[in-house]
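With CSV, C-alpha atoms inside, this is data_16.csv:
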chain,number,residue,atom,x,y,z
A,1454,MET,CA,112.9,-100.8,-121.7
A,1455,LYS,CA,113.1,-97.7,-119.5
A,1456,THR,CA,111.6,-95.6,-122.3
A,1457,ILE,CA,108.6,-97.9,-122.7
A,1458,ARG,CA,108.0,-97.9,-118.9
A,1459,ALA,CA,108.3,-94.2,-118.8
A,1460,SER,CA,105.8,-93.9,-121.6
A,1461,LEU,CA,103.3,-96.2,-119.9
A,1462,LEU,CA,103.6,-94.3,-116.7
A,1463,ALA,CA,103.1,-91.0,-118.4
A,1464,ALA,CA,100.0,-92.4,-120.2
A,1465,ALA,CA,98.6,-93.7,-116.9
A,1466,LEU,CA,99.1,-90.3,-115.2
A,1467,PHE,CA,97.5,-88.5,-118.1
A,1468,THR,CA,94.5,-90.9,-118.0
A,1469,THR,CA,94.1,-90.3,-114.3
A,1470,ALA,CA,94.2,-86.6,-114.8
A,1471,LEU,CA,91.4,-86.8,-117.3
A,1472,THR,CA,89.2,-88.9,-115.2
A,1473,THR,CA,89.7,-87.2,-111.8
A,1474,PRO,CA,87.9,-83.8,-111.3
A,1475,ALA,CA,90.3,-81.0,-110.4
A,1476,ASN,CA,88.3,-80.2,-107.3
A,1477,ALA,CA,87.6,-83.7,-106.1
A,1478,ALA,CA,90.3,-83.8,-103.5
A,1479,VAL,CA,89.5,-80.6,-101.6
A,1480,SER,CA,88.2,-81.1,-98.1
A,1481,ASP,CA,85.6,-78.9,-96.5
A,1482,HIS,CA,88.3,-77.6,-94.1
A,1483,ASP,CA,90.7,-76.8,-96.8
A,1484,LEU,CA,88.1,-75.1,-98.9
A,1485,ALA,CA,86.9,-73.1,-95.9
A,1486,PHE,CA,90.5,-72.2,-95.0
A,1487,HIS,CA,91.2,-71.0,-98.5
A,1488,TRP,CA,88.3,-68.6,-98.5
A,1489,ALA,CA,88.4,-67.7,-94.8
A,1490,PRO,CA,88.3,-63.9,-94.6
A,1491,VAL,CA,90.8,-61.4,-93.3
A,1492,HIS,CA,88.5,-60.3,-90.5
A,1493,HIS,CA,88.6,-56.7,-89.2
A,1494,GLN,CA,87.2,-56.6,-85.7
A,1495,ASP,CA,86.5,-53.1,-84.4
A,1496,THR,CA,87.1,-52.7,-80.6
A,1497,ASP,CA,85.8,-50.2,-78.2
A,1498,SER,CA,88.4,-48.8,-75.8
A,1499,SER,CA,86.1,-48.9,-72.8
A,1500,ASP,CA,86.2,-52.7,-72.8
A,1501,HIS,CA,88.2,-53.8,-75.9
A,1502,ASP,CA,88.4,-57.5,-74.9
A,1503,ALA,CA,84.6,-57.8,-74.9
A,1504,ASP,CA,85.0,-57.7,-78.7
A,1505,TYR,CA,87.5,-60.6,-79.0
A,1506,LEU,CA,86.4,-63.6,-81.0
A,1507,SER,CA,86.0,-67.0,-79.3
A,1508,THR,CA,83.8,-70.2,-79.5
A,1509,VAL,CA,80.5,-71.0,-77.8
A,1510,ASP,CA,82.4,-73.3,-75.4
A,1511,PHE,CA,85.4,-71.1,-75.0
A,1512,ASP,CA,85.1,-71.5,-71.2
A,1513,GLY,CA,85.2,-75.3,-71.3
A,1514,ASP,CA,81.5,-76.0,-71.3
A,1515,TRP,CA,78.4,-75.7,-73.5
A,1516,ASN,CA,76.4,-73.9,-70.8
A,1517,THR,CA,75.6,-70.6,-72.6
A,1518,LEU,CA,74.1,-69.0,-69.4
A,1519,ASN,CA,77.6,-68.4,-68.0
A,1520,ASN,CA,79.4,-67.0,-71.1
A,1521,TRP,CA,78.8,-63.4,-70.1
A,1522,GLU,CA,80.2,-64.0,-66.7
A,1523,ASN,CA,83.2,-65.9,-68.1
A,1524,GLN,CA,84.1,-63.4,-70.8
A,1525,PRO,CA,86.8,-61.8,-68.7
A,1526,GLN,CA,88.8,-65.0,-68.7
A,1527,LEU,CA,91.0,-63.6,-71.5
A,1528,ALA,CA,93.4,-66.5,-71.8
A,1529,LYS,CA,90.5,-68.6,-73.1
A,1530,LEU,CA,89.5,-66.1,-75.8
A,1531,THR,CA,91.6,-67.6,-78.5
A,1532,GLY,CA,90.5,-66.5,-82.0
A,1533,ALA,CA,88.1,-68.8,-83.8
A,1534,ALA,CA,85.4,-68.9,-86.5
A,1535,TYR,CA,82.8,-71.5,-87.3
A,1536,TYR,CA,82.3,-72.7,-90.8
A,1537,SER,CA,80.0,-75.0,-92.7
A,1538,VAL,CA,80.0,-76.2,-96.4
A,1539,VAL,CA,77.1,-77.4,-98.5
A,1540,GLU,CA,77.2,-77.9,-102.2
A,1541,THR,CA,75.3,-78.2,-105.5
A,1542,SER,CA,76.6,-79.4,-108.8
A,1543,THR,CA,77.6,-75.8,-109.7
A,1544,HIS,CA,78.7,-74.2,-106.4
A,1545,TRP,CA,80.0,-74.6,-102.9
A,1546,PHE,CA,78.3,-72.4,-100.2
A,1547,VAL,CA,80.6,-71.6,-97.3
A,1548,VAL,CA,79.2,-70.0,-94.2
A,1549,TYR,CA,81.4,-68.5,-91.5
A,1550,GLY,CA,80.2,-67.5,-88.0
A,1551,PHE,CA,82.0,-65.2,-85.6
A,1552,PHE,CA,81.1,-65.7,-81.9
A,1553,HIS,CA,81.4,-63.2,-79.0
A,1554,PRO,CA,80.3,-64.0,-75.4
A,1555,ARG,CA,78.7,-60.6,-75.1
A,1556,ASP,CA,76.7,-58.2,-77.2
A,1557,TRP,CA,77.3,-55.2,-75.1
A,1558,ASP,CA,77.1,-51.4,-74.7
A,1559,ASP,CA,79.3,-48.9,-72.7
A,1560,GLN,CA,76.1,-47.2,-71.5
A,1561,PRO,CA,73.7,-48.6,-68.9
A,1562,ASP,CA,70.9,-50.8,-70.3
A,1563,PRO,CA,68.4,-50.9,-67.4
A,1564,PHE,CA,65.5,-52.2,-69.6
A,1565,SER,CA,67.7,-54.9,-71.3
A,1566,THR,CA,67.0,-53.7,-74.8
A,1567,ARG,CA,70.5,-53.1,-76.2
A,1568,THR,CA,72.6,-55.9,-74.8
A,1569,HIS,CA,72.5,-59.7,-74.5
A,1570,GLU,CA,74.5,-62.8,-73.7
A,1571,ASN,CA,76.2,-64.6,-76.6
A,1572,ASP,CA,76.4,-63.2,-80.1
A,1573,LEU,CA,77.0,-65.0,-83.4
A,1574,GLU,CA,76.9,-63.2,-86.7
A,1575,GLY,CA,78.5,-64.2,-90.0
A,1576,VAL,CA,78.8,-64.3,-93.8
A,1577,LEU,CA,77.9,-66.6,-96.6
A,1578,PHE,CA,80.2,-67.0,-99.7
A,1579,ALA,CA,79.0,-68.5,-103.0
A,1580,VAL,CA,82.0,-70.2,-104.7
A,1581,ARG,CA,81.6,-71.5,-108.3
A,1582,LYS,CA,83.1,-74.9,-109.1
A,1583,ASP,CA,85.1,-73.8,-112.1
A,1584,GLY,CA,87.4,-76.8,-112.3
A,1585,SER,CA,90.1,-75.2,-110.1
A,1586,GLN,CA,90.9,-76.7,-106.7
A,1587,TYR,CA,89.1,-74.0,-104.7
A,1588,GLY,CA,86.7,-72.5,-107.2
A,1589,ARG,CA,85.9,-68.9,-107.9
A,1590,LEU,CA,84.3,-66.6,-105.3
A,1591,GLU,CA,81.2,-64.9,-106.9
A,1592,ALA,CA,79.1,-63.3,-104.1
A,1593,ALA,CA,78.7,-62.8,-100.3
A,1594,VAL,CA,75.9,-62.1,-98.0
A,1595,THR,CA,76.6,-60.8,-94.4
A,1596,VAL,CA,74.6,-60.8,-91.2
A,1597,ALA,CA,74.3,-57.6,-89.3
A,1598,HIS,CA,71.7,-58.0,-86.5
A,1599,SER,CA,68.3,-58.5,-88.2
A,1600,ASP,CA,69.5,-57.5,-91.7
A,1601,PHE,CA,71.5,-59.1,-94.5
A,1602,TYR,CA,73.9,-57.3,-96.8
A,1603,SER,CA,75.0,-58.5,-100.2
A,1604,TYR,CA,78.3,-57.9,-102.0
A,1605,VAL,CA,80.2,-59.1,-105.1
A,1606,PRO,CA,83.9,-59.1,-105.7
A,1607,THR,CA,85.3,-57.3,-108.7
A,1608,GLY,CA,84.8,-59.3,-111.9
A,1609,SER,CA,81.7,-61.1,-110.7
A,1610,PRO,CA,78.9,-61.3,-113.3
A,1611,TYR,CA,76.2,-61.1,-110.6
A,1612,ARG,CA,73.8,-58.2,-110.6
A,1613,ASN,CA,70.9,-57.0,-108.4
A,1614,GLY,CA,68.2,-59.6,-107.8
A,1615,SER,CA,65.3,-59.2,-105.3
A,1616,GLU,CA,67.9,-57.3,-103.2
A,1617,THR,CA,70.2,-54.5,-104.2
A,1618,ILE,CA,73.9,-55.2,-104.1
A,1619,ASP,CA,75.4,-53.2,-101.2
A,1620,GLY,CA,78.9,-52.8,-102.5
A,1621,THR,CA,82.1,-54.4,-103.7
A,1622,LEU,CA,83.7,-57.2,-101.7
A,1623,LEU,CA,87.4,-56.4,-101.3
A,1624,LEU,CA,90.1,-59.1,-101.3
A,1625,VAL,CA,93.3,-58.9,-99.3
A,1626,GLY,CA,96.0,-61.3,-100.5
A,1627,GLY,CA,93.4,-63.2,-102.4
A,1628,ARG,CA,91.1,-63.5,-99.3
A,1629,PRO,CA,87.8,-61.7,-98.9
A,1630,ALA,CA,87.9,-58.9,-96.3
A,1631,THR,CA,85.2,-58.5,-93.7
A,1632,PHE,CA,84.5,-56.0,-91.0
A,1633,GLN,CA,82.6,-56.4,-87.7
A,1634,GLU,CA,81.4,-53.6,-85.4
A,1635,ALA,CA,82.4,-53.2,-81.8
A,1636,LYS,CA,79.9,-54.0,-79.1
A,1637,GLY,CA,76.9,-55.0,-81.3
A,1638,HIS,CA,79.1,-57.0,-83.8
A,1639,GLY,CA,77.1,-56.4,-87.0
A,1640,LEU,CA,79.1,-57.9,-89.9
A,1641,TYR,CA,79.8,-56.2,-93.3
A,1642,ARG,CA,82.4,-56.1,-96.0
A,1643,TRP,CA,85.6,-54.2,-95.2
A,1644,THR,CA,85.8,-50.9,-97.1
A,1645,GLY,CA,89.6,-50.6,-97.0
A,1646,THR,CA,89.6,-47.8,-94.4
A,1647,ASP,CA,91.0,-47.8,-90.9
A,1648,PHE,CA,89.0,-48.7,-87.8
A,1649,PRO,CA,86.6,-46.1,-86.4
A,1650,GLY,CA,88.6,-44.5,-83.6
A,1651,GLY,CA,91.8,-46.0,-85.0
A,1652,ASP,CA,91.8,-49.2,-82.9
A,1653,GLY,CA,90.8,-52.7,-83.8
A,1654,VAL,CA,92.0,-56.3,-84.2
A,1655,VAL,CA,92.8,-57.9,-87.6
A,1656,TYR,CA,92.2,-61.6,-87.4
A,1657,GLN,CA,93.9,-63.9,-90.0
A,1658,PRO,CA,93.1,-67.6,-90.6
A,1659,ALA,CA,95.7,-69.8,-89.0
A,1660,ALA,CA,96.2,-73.4,-87.7
A,1661,THR,CA,95.8,-72.2,-84.1
A,1662,GLY,CA,93.9,-69.4,-82.6
A,1663,GLU,CA,95.6,-66.6,-80.7
A,1664,VAL,CA,94.5,-64.1,-78.0
A,1665,PRO,CA,95.0,-60.5,-79.1
A,1666,SER,CA,97.7,-58.6,-77.2
A,1667,GLY,CA,95.3,-55.7,-76.8
A,1668,GLY,CA,92.5,-53.7,-78.5
A,1669,ASN,CA,94.8,-52.6,-81.4
A,1670,ASP,CA,96.5,-55.8,-82.5
A,1671,ARG,CA,96.8,-55.9,-86.3
A,1672,SER,CA,97.8,-59.6,-86.7
A,1673,VAL,CA,96.0,-62.3,-84.7
A,1674,GLY,CA,95.4,-65.9,-85.8
A,1675,TYR,CA,92.0,-67.5,-85.7
A,1676,ARG,CA,91.3,-71.2,-86.2
A,1677,LEU,CA,88.4,-72.8,-88.0
A,1678,VAL,CA,85.8,-74.9,-86.2
A,1679,ASN,CA,83.4,-77.0,-88.2
A,1680,THR,CA,79.8,-76.2,-87.3
A,1681,LEU,CA,78.8,-79.7,-88.4
A,1682,GLU,CA,81.4,-81.7,-86.5
A,1683,ALA,CA,80.4,-84.5,-84.2
A,1684,GLY,CA,79.5,-83.1,-80.8
A,1685,GLY,CA,79.6,-79.6,-82.2
A,1686,MET,CA,77.2,-76.7,-82.5
A,1687,TRP,CA,74.8,-78.3,-85.0
A,1688,ALA,CA,75.0,-81.7,-83.3
A,1689,ARG,CA,73.8,-80.1,-80.1
A,1690,ARG,CA,70.9,-78.2,-81.7
A,1691,ASP,CA,68.3,-79.9,-79.5
A,1692,ASN,CA,70.4,-79.6,-76.3
A,1693,ALA,CA,68.7,-77.4,-73.7
A,1694,GLU,CA,72.0,-76.6,-72.0
A,1695,THR,CA,73.0,-74.6,-75.0
A,1696,TYR,CA,69.7,-73.6,-76.8
A,1697,SER,CA,66.5,-72.1,-75.5
A,1698,SER,CA,64.7,-73.1,-78.8
A,1699,PHE,CA,65.7,-74.2,-82.2
A,1700,GLY,CA,68.5,-71.9,-83.5
A,1701,THR,CA,68.5,-69.6,-80.4
A,1702,PHE,CA,71.1,-69.7,-77.7
A,1703,ARG,CA,70.2,-69.5,-74.0
A,1704,GLY,CA,71.2,-66.3,-72.4
A,1705,ASP,CA,70.1,-64.4,-69.2
A,1706,ASN,CA,72.2,-61.2,-69.3
A,1707,GLY,CA,70.5,-58.2,-70.9
A,1708,LYS,CA,67.7,-59.4,-73.2
A,1709,ASP,CA,67.0,-63.1,-72.6
A,1710,ASN,CA,67.7,-65.7,-75.3
A,1711,ALA,CA,68.5,-63.1,-78.0
A,1712,ALA,CA,71.4,-64.6,-79.9
A,1713,ASN,CA,71.0,-67.0,-82.8
A,1714,ALA,CA,73.0,-69.8,-84.4
A,1715,PRO,CA,73.3,-69.8,-88.3
A,1716,TRP,CA,70.1,-71.8,-88.7
A,1717,GLY,CA,68.4,-69.1,-86.7
A,1718,TRP,CA,69.6,-66.1,-88.7
A,1719,ASP,CA,66.9,-64.0,-90.4
A,1720,ASP,CA,66.6,-60.8,-92.4
A,1721,GLN,CA,63.5,-58.8,-91.3
A,1722,ASN,CA,62.4,-57.8,-94.8
A,1723,ASP,CA,63.7,-60.0,-97.6
A,1724,GLY,CA,60.4,-61.7,-98.5
A,1725,ALA,CA,60.2,-65.5,-98.9
A,1726,VAL,CA,63.8,-66.1,-97.6
A,1727,TYR,CA,63.0,-67.7,-94.3
A,1728,ARG,CA,64.7,-68.0,-91.0
A,1729,GLY,CA,67.9,-70.1,-91.1
A,1730,TYR,CA,68.1,-70.3,-94.9
A,1731,LEU,CA,71.5,-68.6,-95.1
A,1732,ALA,CA,72.9,-71.8,-93.6
A,1733,THR,CA,70.3,-74.4,-94.5
A,1734,ASP,CA,69.3,-73.3,-98.0
A,1735,PRO,CA,72.0,-70.9,-99.2
A,1736,ALA,CA,71.5,-71.6,-102.8
A,1737,LEU,CA,68.0,-70.2,-102.6
A,1738,VAL,CA,69.3,-67.1,-100.8
A,1739,ILE,CA,71.9,-66.4,-103.5
A,1740,ASP,CA,69.4,-67.2,-106.3
A,1741,ARG,CA,66.9,-64.7,-104.8
A,1742,TYR,CA,69.4,-62.0,-103.9
A,1743,PHE,CA,71.2,-61.9,-107.3
A,1744,SER,CA,70.6,-62.1,-111.0
A,1745,ASP,CA,72.8,-62.9,-114.0
A,1746,LYS,CA,74.4,-65.8,-112.3
A,1747,GLY,CA,74.9,-68.1,-115.3
A,1748,SER,CA,74.7,-71.8,-114.7
A,1749,PHE,CA,73.3,-72.1,-111.2
A,1750,SER,CA,71.8,-75.3,-109.5
A,1751,LEU,CA,69.4,-75.2,-106.6
A,1752,THR,CA,69.6,-78.9,-106.0
A,1753,TYR,CA,72.0,-80.0,-103.3
A,1754,THR,CA,74.4,-82.8,-103.8
A,1755,ARG,CA,75.4,-82.5,-100.1
A,1756,ASN,CA,73.7,-80.6,-97.3
A,1757,ALA,CA,74.1,-81.9,-93.7
A,1758,PHE,CA,71.6,-79.4,-92.4
A,1759,ARG,CA,68.8,-81.4,-94.2

Could you write out this structure as structure tokens?
Amino acid sequence: MKTIRASLLAAALFTTALTTPANAAVSDHDLAFHWAPVHHQDTDSSDHDADYLSTVDFDGDWNTLNNWENQPQLAKLTGAAYYSVVETSTHWFVVYGFFHPRDWDDQPDPFSTRTHENDLEGVLFAVRKDGSQYGRLEAAVTVAHSDFYSYVPTGSPYRNGSETIDGTLLLVGGRPATFQEAKGHGLYRWTGTDFPGGDGVVYQPAATGEVPSGGNDRSVGYRLVNTLEAGGMWARRDNAETYSSFGTFRGDNGKDNAANAPWGWDDQNDGAVYRGYLATDPALVIDRYFSDKGSFSLTYTRNAFR
């Protein structure tokens, strides 16, 4: 009797395995956490804490006109990164955004041309649904000011499309590795070299965010915040306390209203890839930027930005 029951149980488990997709159970948070980058944040010794990561509401409110003034509240600058996930039948597209209260300079800016309140730049990862739980990373596009840069990890079949691939995306412990400048915070792939000047913060994805111990802390946790969560950054997209216009944060230090949310990111010269597409239509961005992608759907099965 025990043998028969065991056989029936095994058959039931086998049938379930055949009818349940391997990737069906993964949540957006788990997927984003799996691919969250080891993030190398350069710091400038003249004001290293102005390069610490945080959230838009790090100071306890969504008023973006006081973020510059509240940046010195170091205990509140716990490491964090925003994420969003949209998908087609062939891919997940995961966007990460890294926020700083200031885009700053250590030189005077009397004409407000080089600095501004609030700063959010980030990266898009294209992850193929290959039947495994978390898929296979195939490409990345980063945001550095008004330019995008494209990268592929070793082994990716992707080749140049309308844009030239800018380099190889390195992985550290299975995670992609990113690098962000001090002061202006342009984001690129990490090249495997030390920080310019030798000091910087290495942020690692974690359950809770941490405040760096100083400008040269090589292991600091950052938590993930869903851009699309209820009451969050996207939900407030029409709120005048946070935004001056669609996709643009309010800011009155340095150049006014100069920082953008992911749906406001734009490359200045990539043709018919329009403002915000990196977040709202990432499949089109990847399709235009790369060739030799194999099976690749442009039809979204889920996209909360639309």

With a cut-off of 12 Å, could you pull out the residues of region 1722-1753 of chain A touching region 1584-1601 of chain A and give me the nearest pair of atoms for each, distance in Å to one decimal, using only C-alpha atoms, ordered by chain and ascending number, as JSON lines?
{"residue": "A:Asn1722", "atom": "CA", "partner": "A:Asp1600", "partner_atom": "CA", "distance": 7.8}
{"residue": "A:Asp1723", "atom": "CA", "partner": "A:Phe1601", "partner_atom": "CA", "distance": 8.4}
{"residue": "A:Val1726", "atom": "CA", "partner": "A:Phe1601", "partner_atom": "CA", "distance": 10.9}
{"residue": "A:Arg1728", "atom": "CA", "partner": "A:Ser1599", "partner_atom": "CA", "distance": 10.5}
{"residue": "A:Gly1729", "atom": "CA", "partner": "A:Val1596", "partner_atom": "CA", "distance": 11.5}
{"residue": "A:Tyr1730", "atom": "CA", "partner": "A:Phe1601", "partner_atom": "CA", "distance": 11.7}
{"residue": "A:Leu1731", "atom": "CA", "partner": "A:Val1594", "partner_atom": "CA", "distance": 8.4}
{"residue": "A:Ala1732", "atom": "CA", "partner": "A:Val1594", "partner_atom": "CA", "distance": 11.1}
{"residue": "A:Pro1735", "atom": "CA", "partner": "A:Val1594", "partner_atom": "CA", "distance": 9.7}
{"residue": "A:Ala1736", "atom": "CA", "partner": "A:Ala1592", "partner_atom": "CA", "distance": 11.3}
{"residue": "A:Val1738", "atom": "CA", "partner": "A:Val1594", "partner_atom": "CA", "distance": 8.7}
{"residue": "A:Ile1739", "atom": "CA", "partner": "A:Ala1592", "partner_atom": "CA", "distance": 7.9}
{"residue": "A:Asp1740", "atom": "CA", "partner": "A:Ala1592", "partner_atom": "CA", "distance": 10.7}
{"residue": "A:Arg1741", "atom": "CA", "partner": "A:Val1594", "partner_atom": "CA", "distance": 11.6}
{"residue": "A:Tyr1742", "atom": "CA", "partner": "A:Val1594", "partner_atom": "CA", "distance": 8.8}
{"residue": "A:Phe1743", "atom": "CA", "partner": "A:Ala1592", "partner_atom": "CA", "distance": 8.6}
{"residue": "A:Ser1744", "atom": "CA", "partner": "A:Ala1592", "partner_atom": "CA", "distance": 11.0}
{"residue": "A:Asp1745", "atom": "CA", "partner": "A:Glu1591", "partner_atom": "CA", "distance": 11.2}
{"residue": "A:Lys1746", "atom": "CA", "partner": "A:Glu1591", "partner_atom": "CA", "distance": 8.7}
{"residue": "A:Gly1747", "atom": "CA", "partner": "A:Glu1591", "partner_atom": "CA", "distance": 11.0}
{"residue": "A:Phe1749", "atom": "CA", "partner": "A:Glu1591", "partner_atom": "CA", "distance": 11.5}

At most 10 Å is the cut-off: for each residue in region 1610-1664 of chain A with any atom that close to an atom of region 1478-1497 of chain A, write down the nearest atom pair and the distance in Å rounded to one decimal, counting only C-alpha atoms, chain first then increasing number, as JSON lines.
{"residue": "A:Leu1624", "atom": "CA", "partner": "A:Val1491", "partner_atom": "CA", "distance": 8.4}
{"residue": "A:Val1625", "atom": "CA", "partner": "A:Val1491", "partner_atom": "CA", "distance": 7.0}
{"residue": "A:Gly1626", "atom": "CA", "partner": "A:Val1491", "partner_atom": "CA", "distance": 8.9}
{"residue": "A:Gly1627", "atom": "CA", "partner": "A:Trp1488", "partner_atom": "CA", "distance": 8.4}
{"residue": "A:Arg1628", "atom": "CA", "partner": "A:Pro1490", "partner_atom": "CA", "distance": 5.5}
{"residue": "A:Pro1629", "atom": "CA", "partner": "A:Pro1490", "partner_atom": "CA", "distance": 4.9}
{"residue": "A:Ala1630", "atom": "CA", "partner": "A:Val1491", "partner_atom": "CA", "distance": 4.9}
{"residue": "A:Thr1631", "atom": "CA", "partner": "A:His1492", "partner_atom": "CA", "distance": 4.9}
{"residue": "A:Phe1632", "atom": "CA", "partner": "A:His1493", "partner_atom": "CA", "distance": 4.5}
{"residue": "A:Gln1633", "atom": "CA", "partner": "A:Gln1494", "partner_atom": "CA", "distance": 5.0}
{"residue": "A:Glu1634", "atom": "CA", "partner": "A:Asp1495", "partner_atom": "CA", "distance": 5.2}
{"residue": "A:Ala1635", "atom": "CA", "partner": "A:Asp1495", "partner_atom": "CA", "distance": 4.9}
{"residue": "A:Lys1636", "atom": "CA", "partner": "A:Asp1497", "partner_atom": "CA", "distance": 7.1}
{"residue": "A:His1638", "atom": "CA", "partner": "A:Gln1494", "partner_atom": "CA", "distance": 8.3}
{"residue": "A:Leu1640", "atom": "CA", "partner": "A:Gln1494", "partner_atom": "CA", "distance": 9.2}
{"residue": "A:Tyr1641", "atom": "CA", "partner": "A:His1493", "partner_atom": "CA", "distance": 9.7}
{"residue": "A:Arg1642", "atom": "CA", "partner": "A:His1493", "partner_atom": "CA", "distance": 9.2}
{"residue": "A:Trp1643", "atom": "CA", "partner": "A:His1493", "partner_atom": "CA", "distance": 7.2}
{"residue": "A:Gly1645", "atom": "CA", "partner": "A:His1493", "partner_atom": "CA", "distance": 10.0}
{"residue": "A:Asp1647", "atom": "CA", "partner": "A:His1493", "partner_atom": "CA", "distance": 9.4}
{"residue": "A:Phe1648", "atom": "CA", "partner": "A:Asp1495", "partner_atom": "CA", "distance": 6.1}
{"residue": "A:Pro1649", "atom": "CA", "partner": "A:Asp1495", "partner_atom": "CA", "distance": 7.3}
{"residue": "A:Gly1650", "atom": "CA", "partner": "A:Asp1497", "partner_atom": "CA", "distance": 8.3}
{"residue": "A:Gly1651", "atom": "CA", "partner": "A:Asp1495", "partner_atom": "CA", "distance": 8.9}
{"residue": "A:Asp1652", "atom": "CA", "partner": "A:Thr1496", "partner_atom": "CA", "distance": 6.3}
{"residue": "A:Gly1653", "atom": "CA", "partner": "A:Asp1495", "partner_atom": "CA", "distance": 4.4}
{"residue": "A:Val1654", "atom": "CA", "partner": "A:Gln1494", "partner_atom": "CA", "distance": 5.0}
{"residue": "A:Val1655", "atom": "CA", "partner": "A:His1493", "partner_atom": "CA", "distance": 4.7}
{"residue": "A:Tyr1656", "atom": "CA", "partner": "A:His1492", "partner_atom": "CA", "distance": 5.0}
{"residue": "A:Gln1657", "atom": "CA", "partner": "A:Val1491", "partner_atom": "CA", "distance": 5.2}
{"residue": "A:Pro1658", "atom": "CA", "partner": "A:Ala1489", "partner_atom": "CA", "distance": 6.3}
{"residue": "A:Ala1659", "atom": "CA", "partner": "A:Phe1486", "partner_atom": "CA", "distance": 8.3}
{"residue": "A:Ala1660", "atom": "CA", "partner": "A:Phe1486", "partner_atom": "CA", "distance": 9.3}

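Shortest separation to Tyr1536 (chain A) among A:Arg1759, A:Arg1676, A:Arg1703, A:Arg1581 occurs at residue A:Arg1676, atoms counted being all atoms listed in the file.
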
Restricting to all atoms listed in the file, whichever of A:Thr1754, A:Thr1621, A:Thr1541, A:Ser1615 is closest to Gly1724 (chain A) is A:Ser1615

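Counting all atoms listed in the file, the residue from A:Gly1620, A:Gly1667, A:Gly1700, A:Gly1608 that sits nearest to Tyr1505 (chain A) is A:Gly1667.
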
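Here CA of Glu1574 (chain A) stands at a distance of 13.3 Å from CA of Thr1680 (chain A).
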
Between CA of Asn1692 (chain A) and CA of Arg1755 (chain A), measure the distance and give it in Å to one decimal.
24.5 Å

Could you produce a table of the residues of region 1620-1728 of chain A lying within 8 Å of region 1515-1522 of chain A, with the nearest pair of atoms per residue and their separation in Å rounded to one decimal, using all atoms listed in the file, ordered by chain and increasing residue number, as a tab-separated table?
residue	atom	partner	partner_atom	distance
A:Glu1694	CA	A:Asn1516	CA	5.3
A:Thr1695	CA	A:Thr1517	CA	5.3
A:Tyr1696	CA	A:Thr1517	CA	7.8
A:Phe1702	CA	A:Thr1517	CA	6.9
A:Arg1703	CA	A:Thr1517	CA	5.7
A:Gly1704	CA	A:Leu1518	CA	5.0
A:Asp1705	CA	A:Leu1518	CA	6.1
A:Asn1706	CA	A:Trp1521	CA	7.0

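From CA of Asp1720 (chain A) back to CA of Trp1557 (chain A), the distance works out to 21.1 Å.
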
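Among the candidates A:Pro1606, A:Asp1572, A:Pro1554, A:Leu1677, the residue lying nearest to Ala1534 (chain A) is A:Leu1677 (atoms considered: only C-alpha atoms).
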
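Of the residues under consideration (A:Thr1543, A:Thr1607, A:Gly1685, A:Leu1527), A:Leu1527 shows the shortest atom-to-atom contact distance to Asp1512 (chain A) when counting all atoms listed in the file.
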
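For the set A:Thr1568, A:Thr1661, A:Thr1752, A:Thr1508, the residue with the smallest atom-to-atom gap to Gly1637 (chain A) is A:Thr1568, counting all atoms listed in the file.
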
From the coordinates I just gave you, please extract region 1527-1534 of chain A so that only N, CA, C and O atoms remain, then output it as a PDB file, in the first residue's frame.
ATOM      1  N   LEU A1527      22.814  62.771   7.598  1.00  0.00           N
ATOM      2  CA  LEU A1527      23.461  61.541   7.136  1.00  0.00           C
ATOM      3  C   LEU A1527      22.781  60.279   7.634  1.00  0.00           C
ATOM      4  O   LEU A1527      22.759  59.265   6.921  1.00  0.00           O
ATOM      5  N   ALA A1528      22.244  60.288   8.819  1.00  0.00           N
ATOM      6  CA  ALA A1528      21.610  59.084   9.356  1.00  0.00           C
ATOM      7  C   ALA A1528      20.421  58.627   8.504  1.00  0.00           C
ATOM      8  O   ALA A1528      20.016  57.462   8.573  1.00  0.00           O
ATOM      9  N   LYS A1529      19.866  59.539   7.698  1.00  0.00           N
ATOM     10  CA  LYS A1529      18.725  59.209   6.848  1.00  0.00           C
ATOM     11  C   LYS A1529      19.147  58.698   5.470  1.00  0.00           C
ATOM     12  O   LYS A1529      18.297  58.233   4.702  1.00  0.00           O
ATOM     13  N   LEU A1530      20.435  58.792   5.158  1.00  0.00           N
ATOM     14  CA  LEU A1530      20.908  58.389   3.821  1.00  0.00           C
ATOM     15  C   LEU A1530      21.228  56.901   3.790  1.00  0.00           C
ATOM     16  O   LEU A1530      22.339  56.468   3.483  1.00  0.00           O
ATOM     17  N   THR A1531      20.213  56.093   4.101  1.00  0.00           N
ATOM     18  CA  THR A1531      20.382  54.640   4.040  1.00  0.00           C
ATOM     19  C   THR A1531      20.331  54.189   2.576  1.00  0.00           C
ATOM     20  O   THR A1531      19.503  54.654   1.795  1.00  0.00           O
ATOM     21  N   GLY A1532      21.224  53.284   2.225  1.00  0.00           N
ATOM     22  CA  GLY A1532      21.355  52.861   0.831  1.00  0.00           C
ATOM     23  C   GLY A1532      20.074  52.272   0.270  1.00  0.00           C
ATOM     24  O   GLY A1532      19.401  51.457   0.913  1.00  0.00           O
ATOM     25  N   ALA A1533      19.717  52.687  -0.935  1.00  0.00           N
ATOM     26  CA  ALA A1533      18.501  52.202  -1.587  1.00  0.00           C
ATOM     27  C   ALA A1533      18.639  52.358  -3.092  1.00  0.00           C
ATOM     28  O   ALA A1533      19.405  53.199  -3.585  1.00  0.00           O
ATOM     29  N   ALA A1534      17.888  51.553  -3.823  1.00  0.00           N
ATOM     30  CA  ALA A1534      17.776  51.693  -5.274  1.00  0.00           C
ATOM     31  C   ALA A1534      16.348  51.370  -5.667  1.00  0.00           C
ATOM     32  O   ALA A1534      15.710  50.486  -5.075  1.00  0.00           O
TER      33      ALA A1534
END
